[in-house]
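Structure file structure.cif with mmCIF, C-alpha atoms:
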```
data_target
#
loop_
_atom_site.label_atom_id
_atom_site.label_comp_id
_atom_site.auth_asym_id
_atom_site.auth_seq_id
_atom_site.Cartn_x
_atom_site.Cartn_y
_atom_site.Cartn_z
CA MET D 211 0.00 0.00 0.00
CA ALA D 212 1.36 3.39 -1.00
CA LEU D 213 1.12 6.21 1.49
CA PRO D 214 -1.51 8.86 0.72
CA PRO D 215 0.16 11.81 -1.07
CA THR D 216 -0.18 14.07 1.97
CA TYR D 217 0.63 11.45 4.63
CA LEU D 218 4.19 12.57 5.45
CA ALA D 219 3.35 16.27 5.28
CA ASP D 220 0.24 15.84 7.45
CA ARG D 221 2.11 13.82 10.08
CA ALA D 222 5.03 16.27 10.07
CA LYS D 223 2.61 19.18 10.61
CA CYS D 224 1.03 17.29 13.50
CA VAL D 225 4.44 16.75 15.11
CA ASP D 226 5.49 20.36 14.45
CA LYS D 227 2.33 21.70 16.09
CA ALA D 228 2.93 19.56 19.17
CA LEU D 229 6.63 20.53 19.35
CA ASP D 230 5.69 24.20 19.07
CA GLN D 231 3.40 23.78 22.07
CA PHE D 232 5.90 21.78 24.12
CA LEU D 233 8.84 24.18 23.63
CA PRO D 234 9.17 27.59 25.31
CA ARG D 235 8.39 30.47 22.97
CA ALA D 236 11.33 32.27 21.37
CA THR D 237 10.40 35.34 23.42
CA VAL D 238 10.87 33.57 26.76
CA LYS D 239 14.00 34.69 28.62
CA PRO D 240 16.78 33.99 27.96
CA VAL D 241 15.65 34.48 24.38
CA THR D 242 18.98 33.42 22.86
CA ILE D 243 18.72 29.82 24.02
CA HIS D 244 15.08 29.44 23.05
CA LYS D 245 15.75 30.93 19.62
CA ALA D 246 18.67 28.52 19.18
CA MET D 247 16.59 25.51 20.26
CA ARG D 248 13.85 26.42 17.82
CA TYR D 249 16.31 27.25 15.02
CA SER D 250 17.57 23.68 14.95
CA LEU D 251 14.32 21.93 15.84
CA PHE D 252 12.36 23.72 13.11
CA ALA D 253 15.12 23.63 10.49
CA GLY D 254 13.09 21.58 8.03
CA GLY D 255 13.74 18.09 9.34
CA LYS D 256 11.67 15.31 7.79
CA ARG D 257 10.37 14.13 11.23
CA LEU D 258 11.07 10.54 10.22
CA ARG D 259 11.51 9.21 13.75
CA PRO D 260 8.37 10.78 15.23
CA ILE D 261 6.35 9.75 12.16
CA LEU D 262 7.56 6.18 12.67
CA ALA D 263 6.51 6.41 16.32
CA LEU D 264 3.01 7.51 15.33
CA ALA D 265 2.74 4.77 12.68
CA ALA D 266 3.89 2.12 15.20
CA ALA D 267 1.24 3.29 17.65
CA GLU D 268 -1.44 2.95 14.99
CA ALA D 269 -0.12 -0.48 13.93
CA CYS D 270 -0.71 -1.61 17.52
CA GLY D 271 -4.21 -0.15 17.72
CA GLY D 272 -3.23 3.06 19.51
CA SER D 273 -3.82 6.73 18.78
CA ILE D 274 -1.67 9.54 17.45
CA GLU D 275 -2.62 11.77 20.38
CA LYS D 276 -1.26 9.36 23.00
CA ALA D 277 1.92 8.77 20.98
CA LEU D 278 2.74 12.46 20.43
CA PRO D 279 4.74 13.05 23.63
CA ALA D 280 7.00 10.11 22.79
CA ALA D 281 7.28 11.20 19.16
CA CYS D 282 8.23 14.76 20.12
CA ALA D 283 10.70 13.62 22.77
CA VAL D 284 12.52 11.47 20.22
CA GLU D 285 12.76 14.37 17.78
CA CYS D 286 14.29 16.59 20.48
CA ILE D 287 16.90 13.91 21.20
CA HIS D 288 17.65 13.49 17.51
CA THR D 289 18.01 17.25 16.97
CA TYR D 290 20.27 17.70 20.00
CA SER D 291 22.54 14.95 18.69
CA LEU D 292 22.80 16.71 15.32
CA VAL D 293 23.59 20.07 16.94
CA HIS D 294 26.41 18.48 18.90
CA ASP D 295 27.64 16.31 16.01
CA ASP D 296 28.08 19.43 13.86
CA LEU D 297 30.30 21.21 16.40
CA PRO D 298 33.94 21.96 15.49
CA CYS D 299 35.09 19.54 18.21
CA MET D 300 33.03 16.74 16.67
CA ASP D 301 32.27 16.48 12.92
CA ASP D 302 32.92 20.21 12.29
CA ASP D 303 30.17 20.81 9.73
CA ASP D 304 28.86 24.18 8.54
CA LEU D 305 25.71 22.93 6.80
CA ARG D 306 22.71 20.96 8.06
CA ARG D 307 19.38 20.50 6.29
CA GLY D 308 20.52 22.98 3.66
CA ARG D 309 21.29 25.89 6.00
CA PRO D 310 24.05 27.00 8.40
CA THR D 311 24.50 24.82 11.46
CA SER D 312 23.68 26.08 14.95
CA HIS D 313 27.24 26.94 15.93
CA LYS D 314 27.70 28.98 12.75
CA VAL D 315 24.66 31.10 13.64
CA PHE D 316 24.81 31.29 17.45
CA GLY D 317 28.44 30.40 18.27
CA ASP D 318 29.88 27.24 19.78
CA GLY D 319 28.83 27.94 23.37
CA ILE D 320 25.15 28.57 22.65
CA ALA D 321 25.07 25.58 20.27
CA VAL D 322 26.34 23.32 23.07
CA LEU D 323 23.75 24.72 25.47
CA ALA D 324 20.95 24.49 22.89
CA GLY D 325 21.77 20.81 22.46
CA ASP D 326 21.82 20.35 26.24
CA ALA D 327 18.44 22.07 26.53
CA LEU D 328 16.88 19.93 23.80
CA LEU D 329 18.17 16.79 25.48
CA THR D 330 16.70 17.89 28.80
CA ILE D 331 13.31 18.97 27.48
CA ALA D 332 12.92 15.63 25.71
CA PHE D 333 12.43 13.94 29.08
CA GLU D 334 10.19 16.75 30.34
CA ILE D 335 7.95 16.09 27.32
CA LEU D 336 8.06 12.31 27.66
CA ALA D 337 7.13 12.57 31.34
CA GLN D 338 3.75 13.88 30.13
CA ALA D 339 2.96 10.63 28.28
CA GLU D 340 0.04 8.58 29.58
CA ALA D 341 0.81 5.26 31.22
CA THR D 342 -0.78 2.09 29.83
CA PRO D 343 -1.55 -1.20 31.62
CA ARG D 344 1.70 -2.74 30.34
CA TYR D 345 3.96 0.32 30.32
CA LYS D 346 4.19 2.95 33.01
CA THR D 347 5.57 6.39 32.16
CA ALA D 348 8.82 5.42 33.89
CA ALA D 349 9.24 2.57 31.40
CA LEU D 350 8.96 5.03 28.51
CA ILE D 351 11.55 7.32 30.08
CA ARG D 352 13.89 4.40 30.70
CA GLU D 353 13.48 3.29 27.09
CA LEU D 354 14.54 6.66 25.69
CA ALA D 355 17.32 7.15 28.24
CA ASP D 356 18.83 3.78 27.35
CA ALA D 357 18.74 4.41 23.59
CA SER D 358 20.21 7.91 23.88
CA GLY D 359 22.71 7.23 26.64
CA SER D 360 26.33 6.16 26.99
CA ARG D 361 25.73 2.57 25.82
CA TRP D 362 24.05 3.41 22.51
CA LEU D 363 23.69 6.84 20.88
CA ILE D 364 26.59 8.44 22.75
CA ALA D 365 28.62 5.22 22.59
CA GLY D 366 28.31 5.29 18.83
CA GLN D 367 29.54 8.87 18.64
CA VAL D 368 32.46 8.13 20.97
CA LEU D 369 33.59 5.15 18.91
CA ASP D 370 33.05 7.14 15.71
CA LEU D 371 35.38 9.87 16.98
CA GLU D 372 37.96 7.40 18.26
CA SER D 373 38.01 5.46 15.00
CA GLU D 374 38.77 8.42 12.70
CA GLY D 375 41.88 7.64 10.68
CA LYS D 376 42.32 4.26 12.39
CA PRO D 377 41.64 0.75 11.12
CA ILE D 378 38.58 -0.87 12.70
CA THR D 379 36.92 -4.24 12.29
CA ARG D 380 33.66 -4.86 10.50
CA GLU D 381 32.00 -5.73 13.81
CA GLN D 382 33.14 -2.42 15.32
CA LEU D 383 31.68 -0.54 12.36
CA LYS D 384 28.37 -2.40 12.66
CA PHE D 385 28.18 -1.46 16.33
CA ILE D 386 28.87 2.22 15.57
CA HIS D 387 25.98 2.25 13.10
CA ARG D 388 23.65 0.30 15.40
CA ALA D 389 24.45 2.69 18.23
CA LYS D 390 24.49 6.02 16.37
CA THR D 391 21.48 5.50 14.14
CA ALA D 392 19.56 2.26 14.61
CA ALA D 393 19.17 2.49 18.40
CA LEU D 394 17.24 5.78 18.46
CA LEU D 395 15.22 4.91 15.36
CA THR D 396 14.26 1.58 16.94
CA SER D 397 13.42 3.31 20.21
CA SER D 398 11.12 5.70 18.33
CA ILE D 399 9.16 2.74 16.99
CA ARG D 400 9.16 0.96 20.35
CA LEU D 401 7.93 4.06 22.17
CA GLY D 402 5.07 4.45 19.72
CA ALA D 403 4.12 0.82 20.26
CA MET D 404 4.42 1.15 24.04
CA SER D 405 2.10 4.17 24.00
CA ALA D 406 -0.46 1.81 22.40
CA ASN D 407 0.02 -0.88 25.09
CA ALA D 408 1.58 -3.29 22.55
CA THR D 409 1.93 -6.94 23.50
CA GLU D 410 5.42 -8.32 24.10
CA ALA D 411 5.29 -10.23 20.82
CA ARG D 412 4.30 -7.14 18.83
CA LEU D 413 7.02 -5.09 20.52
CA LYS D 414 9.58 -7.74 19.55
CA ASN D 415 8.41 -7.67 15.91
CA LEU D 416 8.73 -3.89 15.81
CA THR D 417 12.14 -3.99 17.50
CA ASP D 418 13.41 -6.33 14.76
CA PHE D 419 11.88 -4.04 12.14
CA GLY D 420 13.49 -0.93 13.64
CA GLN D 421 16.93 -2.44 13.99
CA ALA D 422 17.01 -3.64 10.37
CA LEU D 423 15.52 -0.38 9.09
CA GLY D 424 17.93 1.78 11.12
CA LEU D 425 21.04 -0.07 9.99
CA ALA D 426 19.93 -0.08 6.35
CA PHE D 427 19.17 3.63 6.57
CA GLN D 428 22.68 4.41 7.88
CA ILE D 429 24.40 2.22 5.31
CA ILE D 430 22.52 4.05 2.56
CA ASP D 431 23.58 7.38 4.13
CA ASP D 432 27.20 6.19 3.99
CA ILE D 433 26.80 5.28 0.34
CA LEU D 434 25.16 8.60 -0.52
CA ASP D 435 28.01 10.52 1.13
CA VAL D 436 30.37 9.20 -1.53
CA THR D 437 27.96 9.13 -4.49
CA GLN D 438 25.88 12.32 -4.19
CA THR D 439 26.50 16.09 -4.23
CA THR D 440 26.22 18.56 -1.36
CA GLU D 441 23.25 20.20 -3.11
CA LYS D 442 21.35 16.93 -3.33
CA LEU D 443 22.12 15.85 0.24
CA GLY D 444 21.45 19.21 1.92
CA LYS D 445 24.63 18.67 3.95
CA THR D 446 28.31 18.60 3.07
CA ALA D 447 29.05 15.63 0.81
CA GLY D 448 32.33 13.75 1.10
CA LYS D 449 32.87 14.70 4.75
CA ASP D 450 33.29 11.06 5.78
CA VAL D 451 36.07 10.51 3.25
CA GLN D 452 37.82 13.75 4.22
CA ALA D 453 37.71 12.85 7.90
CA VAL D 454 38.84 9.27 7.13
CA LYS D 455 35.72 8.05 8.90
CA ALA D 456 34.83 4.39 9.12
CA THR D 457 31.91 3.82 6.76
CA TYR D 458 30.39 0.81 5.04
CA PRO D 459 31.78 1.68 1.58
CA ALA D 460 35.23 2.25 3.11
CA ILE D 461 35.28 -1.02 5.05
CA PHE D 462 33.10 -3.35 2.96
CA GLY D 463 33.26 -1.72 -0.49
CA LEU D 464 30.47 0.03 -2.41
CA GLU D 465 28.75 -2.96 -4.02
CA PRO D 466 28.79 -5.18 -0.89
CA SER D 467 27.35 -2.20 1.02
CA ARG D 468 24.50 -1.94 -1.47
CA LYS D 469 23.82 -5.68 -1.12
CA GLU D 470 23.78 -5.44 2.68
CA ALA D 471 21.36 -2.50 2.55
CA HIS D 472 19.11 -4.60 0.30
CA ARG D 473 19.31 -7.61 2.65
CA LEU D 474 18.41 -5.48 5.67
CA THR D 475 15.54 -3.90 3.78
CA ASN D 476 14.08 -7.35 3.16
CA ALA D 477 14.57 -8.27 6.84
CA ALA D 478 12.73 -5.12 7.93
CA MET D 479 9.79 -5.90 5.68
CA ALA D 480 9.63 -9.51 6.89
CA ALA D 481 9.37 -8.33 10.52
CA LEU D 482 6.15 -6.48 9.65
CA ALA D 483 4.41 -9.55 8.22
CA PRO D 484 2.50 -10.41 11.45
CA PHE D 485 0.79 -7.00 11.39
CA GLY D 486 -0.94 -7.53 8.06
CA GLU D 487 -2.84 -4.44 6.89
CA LYS D 488 -2.20 -2.67 10.21
CA GLY D 489 1.49 -2.55 9.32
CA ALA D 490 0.87 -1.06 5.87
CA ALA D 491 1.86 2.47 6.87
CA LEU D 492 5.10 1.26 8.45
CA HIS D 493 5.81 -0.83 5.35
CA SER D 494 5.27 2.19 3.11
CA LEU D 495 7.40 4.40 5.37
CA ALA D 496 10.25 1.89 5.18
CA ASP D 497 9.90 1.90 1.39
CA HIS D 498 10.06 5.68 1.43
CA LEU D 499 13.15 5.78 3.65
CA LEU D 500 15.11 3.08 1.87
CA ALA D 501 14.13 3.61 -1.76
CA ARG D 502 16.81 6.23 -2.32
CA GLU D 503 19.25 6.29 -5.23
CA TYR D 504 22.26 4.50 -3.78
#
```
Output the structure of this file as structure tokens.
Amino acid sequence: MALPPTYLADRAKCVDKALDQFLPRATVKPVTIHKAMRYSLFAGGKRLRPILALAAAEACGGSIEKALPAACAVECIHTYSLVHDDLPCMDDDDLRRGRPTSHKVFGDGIAVLAGDALLTIAFEILAQAEATPRYKTAALIRELADASGSRWLIAGQVLDLESEGKPITREQLKFIHRAKTAALLTSSIRLGAMSANATEARLKNLTDFGQALGLAFQIIDDILDVTQTTEKLGKTAGKDVQAVKATYPAIFGLEPSRKEAHRLTNAAMAALAPFGEKGAALHSLADHLLAREY
């Protein structure tokens, strides 16, 4: 089933409206930090993770309204990680989503603090999620904290930094990608399902789906970094090669990377089989995310 033509735009607007309500206005003192938070959060992101959270909730018989706090919290975490990744002390990038990065507009110090504030408000937002019979609000908070903490999201960034210019094994590279990208994407899907009181079996299916989808998505990103232009990507192309970063094309080769992305795509789709028609939106979203020219 193909997504309705306005599906992504409608869901993104829904998430944007909720984020706008959750965040302090840009006029709230100190205005600099709130402007910086909003600059990055409303920089034209596709809202892929929150949209996946909403679709997972619906696949499990839940509602968009109950899933919105989780969806918005995930987007705040994702945006904070990008703000920090772009800093001169990290990936040192001047362009994100087709416009200057936070530190280029507000300076390094405010960019660091804006990222800190987005990280913090994510849990303030998630704390407002309704508990379900199977999942208390604390379980939702623990889920997001685990995915974004020192064993996953941050672990991936640490190992990514430490591996620059150094030889690493294929297993180390797979872990970096699972930690930096797949963990938060999977958590987005899990949180959406948890907001809908998903059964343990359904949560396992969606976890398998998210992990395969997240890893395939990152592999494709690696491929695009060496095959596409800055204009097409909306961020600086070739940065991974310049920084001698460990990527799938660098470690496995371009064609084997394409084959692995294809294999993972098939695995993601297979994990949705038990949902039947209820998983149609997730299936179409995965098609949308992975059907890029790579």
Open item on the list: I'd like to know which of D:Ala389, D:Ala219, D:Ala266, D:Ala339 is closest to D:Leu278, using all atoms listed in the file.
Closed with: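 Among D:Ala389, D:Ala219, D:Ala266, D:Ala339, it is D:Ala339 that comes nearest to D:Leu278.
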Distance table requested - stretch 341-450 of chain D against stretch 241-265 of chain D, cut-off 8 Å, all atoms listed in the file: one row per qualifying residue with the closest atom pair and its distance in Å to one decimal, ordered by chain and rising residue number, as CSV.
```
residue,atom,partner,partner_atom,distance
D:Leu395,CA,D:Arg259,CA,5.9
D:Ser398,CA,D:Ala263,CA,5.1
D:Ile399,CA,D:Ala263,CA,4.6
D:Arg400,CA,D:Ala263,CA,7.3
D:Leu401,CA,D:Ala263,CA,6.5
D:Gly402,CA,D:Ala263,CA,4.2
D:Ala403,CA,D:Ala263,CA,7.2
```
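Atom CA of D:Cys299 to atom CA of D:Leu229 spans 28.5 Å [interatomic distance, one decimal].
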Task: Given only C-alpha atoms as the counted atoms, nearest of D:Leu323, D:Cys270, D:Leu394, D:Leu292 to D:Ala355 - done: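 Smallest distance to D:Ala355 is found for D:Leu394.
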Task: Among listed residues D:Ala212, D:Ala277, D:Phe316, D:Gln338, nearest D:Phe232 (using all atoms listed in the file) - done: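 Using all atoms listed in the file, the shortest distance to D:Phe232 belongs to D:Gln338.
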TODO: List the residues matched by the PyMOL selection byres ((chain D and resi 497) around 12) in the displayed structure as a ChimeraX atom specification, ordered by chain and then by residue number.
DONE: /D:211-213,423,426-427,472,475-476,478-479,490-496,498-502
Open item on the list: What does the structure give for the distance between atom CA of D:Gln428 and atom CA of D:Asp226, in Å to one decimal?
Closed with: 24.4 Å
TODO: Would you please work out which residue, of D:Arg412, D:Thr311, D:Ala456, D:Ala392, is nearest to D:Pro377 when using only C-alpha atoms?
DONE: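 Closest to D:Pro377, using only C-alpha atoms: D:Ala456.
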TODO: Could you tell me which residues the PyMOL selection byres ((chain D and resi 289) around 8) grabs in this file, written as a PyMOL selection string?
DONE: chain D and resi 250-251+285-288+290-293+325+328
